[in-house]
Amino acid sequence: METFIDFFSFTDPNVRYVVLGSILITASSAIVGTFTFLKKKALVGDAVAHAVLPGVCLSFIVYGEKNPLVLIIGAFITGWLALTLIDIISSKSKIKEDTAIGLILSVFFGVGIFLLTIIQKSGNAAQSGLDQFLFGKAASLVGSDLVTFSLVSVILLIAVYVFFKEFTLIAFDKDFASTIGLPIKTMELILTTLTVLAVVVGIQAVGVVLMAAMLITPAAAARFWTEKIQVMIWLAAIFGAFSGLSGAYISYVAPSMPTGPWIVIVISTIAFFSFFFAPKRGIIIRYLTQKRIQRHIVDENILKALYHLGEEEKNFFDERTIETILSKRTLQKEVLLKSLRRLKREGYLKNSNGYWSFTIEGKNRGQRVVKLHRLWEVYLTQYLRIAPDHVHDDADTIEHVLTPELEARLEKLLNYPTTDPHESEIPYA
Amino acid sequence: MAMVGDAISHAVLPGIVLAFLITGSRDSVTMLIGAGTIGVLTTFLIEFFHKKGKLQTDASIGVTFTWLFAIGVILISVFAGKVDLDQDCVLYGEIAYVPIDLWITKAGVVMGPRVLYIAGTVLLIILAFIFIGYKELFLTTFDPSFATAIGISTITWHYLLMGAVSITTVASFESVGAILVVAFLIAPPATAYLLTENLVKMMIISSILGILISISGYYLAAGTDGSIAGAMAAMSGVFFGLAFLFAPKEGYIFKILKKQSAPTRLE
């Protein structure tokens, strides 16, 4: 608890730098990352992160010392060059975009490592610390870093604020954006520049490999909670900031722990939680909905089978064995039994000594499914001119989906037909 | 699928560290198994988030591999004393140390560099895999629906292939590191792809390119006293650049010439 208070009172300037720096970086990369995510170019950030290394080394070789501004300019140039090359390769040859990304990323990084080793062996004392660009140094951020970070974050935020509408449009509907006369090329250029800027700064905190996570993961997590882009950006920024804060806290409590990887672990945990438990798009809710629909379909199919049996024998309320039902509808026996019990519980069926029969409600529901099936077959043959022997499968699916409103409209449109294309009677209630 | 190779090469890190921690040795077989398992797990997670979570593929790849890599780095820092691995080595390897790391049998006979044997074994495994599974790999790559129709399991072969990628990655780990191995996975086939349309020719050309890259990279590094792996990756970029510009048919220059010689208007 004491460390907790120590940490959050921010009395230690070192803690202040690390926390503020981490939050600024994570939040602003999350915001820019939202757009690259929506443009389905998430891995581009990864490529830039690797591609800045040769730039850093080259500007060091040229300039001879570690001036942060010079290094950042160098990083910026090669990062930008890498993106341009990826674009050229994927548009001017048959190489696909992901191959181009992987190629440029690793080749640029190779050149960077090559230059780095040459610098290291050159004996220039000023070179120590260049490899911060590889692994990040979030835990040892100092005041001057913070100035750079804040400056870049402010630029990013202002740019996103000013060009919000334009970025949204090119992310979702590029064609429309160009039709209404937006300068797409310029906008993409600005967005690319912002991405490179976010990467160049962020990489100093978390390192080459994990930079991709700072851009992609908050946006991916936020996407599961909302359909609105404004909300998504806020969420991504909050997720990012929270992970930055927790990463800083963890490495404060346990100094041997690297900050960058912990930031990534926290943000990934948030993302995995979102993937599974988000209320509408989450994996679990999707799975449950799917199961519910499957149960619904099996139930209706059984009621339909019983109704067909009733039609054939001209007696809807007769008792039937499981074997009889199975002869009408192929189903796994366990699935059938489960569904029969469910239907009994809901009051659609009765059971005496292993014989199953309709209740009034059950017969009505079975009848409605059969009616919808046959109405749809009529609709397909009359309005879409589909041959009568091709309409069954489609009707088999749609019969579970049609709402009472659509049912009424179909009846009216088809003028209450009495038989379907196969001369079966359409039962009206 | 190129970026999946990239993802696997990063994501196998926790597998390697865990294999170290569990068996306490740098035994290569354990490392290969550990990494192979995590590699297949990575592929599975990427597919899972994409299919079940409806997450777009690029994001699914990005989220998965950064997460696993972060776990790997944390494991290394937690067990820093116990694990004989450091971050630099993981990222860019050091092939120049390979000759020092000798395999000495119990009888004391020096058999030469250990890594050479591992790489050789993996090469044989991969060759055997491709030789035996050529037809299946070919079909599942180019025409998955036909492959499924004639009873070849696309999923099995997909995971086998990804397992092969993981093994290759790990074998290259010590010498070239996680990121540069991607250059050698992607650059030679991408270059060969610009030169031919035939799969067998493409495989032969990319193997030859691999050899050329190694030799030229080595001499570049030796001449400048830089990292060998880095120089090799740089050379693979040079070869790709040459093919991109000058390939007969697919090359950029050829395409421009063809455009110019084409009649610009109807006479």
# chains A, B, ... in the order shown; residues from 1 in each chain; ligands from 1

$ interface_residues --of "chain B" --to "chain A" --cutoff "8 Å" --atoms "only C-alpha atoms" --output "count of residues only"
51

$ residues_around --residues "A:Leu151" --least-positions-apart "2" --cutoff "12 Å" --atoms "only C-alpha atoms" --output "MDAnalysis selection string"
chainID A and resid 21 24:25 28 69 144:149 153:158 197:198 201

$ residues_around --residues "B:Lys135" --least-positions-apart "5" --cutoff "12 Å" --atoms "only C-alpha atoms" --output "MDAnalysis selection string"
chainID B and resid 129:130 140:143 147 152 157 199:200

$ write_last_selection --atoms "C-alpha atoms" --output "mmCIF file, in the first residue's frame"
data_model
loop_
_atom_site.group_PDB
_atom_site.id
_atom_site.type_symbol
_atom_site.label_atom_id
_atom_site.label_comp_id
_atom_site.auth_asym_id
_atom_site.auth_seq_id
_atom_site.Cartn_x
_atom_site.Cartn_y
_atom_site.Cartn_z
ATOM 1 C CA PHE B 129 8.561 -32.468 -45.456
ATOM 2 C CA ILE B 130 8.321 -30.706 -48.807
ATOM 3 C CA THR B 140 -3.925 -26.751 -50.236
ATOM 4 C CA THR B 141 -2.018 -23.598 -51.215
ATOM 5 C CA PHE B 142 -3.465 -23.032 -54.633
ATOM 6 C CA ASP B 143 -6.857 -24.663 -54.558
ATOM 7 C CA ALA B 147 -8.015 -30.179 -51.951
ATOM 8 C CA ILE B 152 -6.908 -33.564 -48.150
ATOM 9 C CA TRP B 157 -1.476 -29.123 -43.761
ATOM 10 C CA LEU B 199 6.361 -23.442 -58.291
ATOM 11 C CA VAL B 200 9.258 -25.900 -58.652
#

$ residues_around --residues "A:Lys350" --least-positions-apart "6" --cutoff "10 Å" --atoms "only C-alpha atoms" --output "NGL selection string"
:A and (317 or 319 or 340-341 or 343-344 or 356-359 or 362)

$ atom_distance --atom1 "atom CA of B:Pro188" --atom2 "atom CA of B:Gly210"
6.2 Å

$ residues_around --residues "B:Val122" --least-positions-apart "6" --cutoff "8 Å" --atoms "only C-alpha atoms" --output "PyMOL selection string"
chain B and resi 167-168+171

$ residues_around --residues "B:Thr64" --least-positions-apart "2" --cutoff "8 Å" --atoms "only C-alpha atoms" --output "PyMOL selection string"
chain B and resi 7+11+42+45-46+60-62+66-68

$ atom_distance --atom1 "atom CA of B:Leu195" --atom2 "atom CA of B:His10"
29.4 Å

$ closest_residue --among "A:Phe242, A:Val142, A:Val196, A:Val152" --to "A:Gly74" --atoms "only C-alpha atoms"
A:Val196

$ atom_distance --atom1 "atom CA of A:Val56" --atom2 "atom CA of A:Leu130"
8.1 Å

$ select_by_dssp --residues "stretch 72-225 of chain A" --states "alpha helix (DSSP H)" --output "PyMOL selection string"
chain A and resi 72-92+97-122+132-135+143-162+164-172+174-179+184-206+208-223

$ residues_around --residues "A:Ala248" --least-positions-apart "4" --cutoff "7 Å" --atoms "only C-alpha atoms" --output "PyMOL selection string"
chain A and resi 18-19+244+252+259
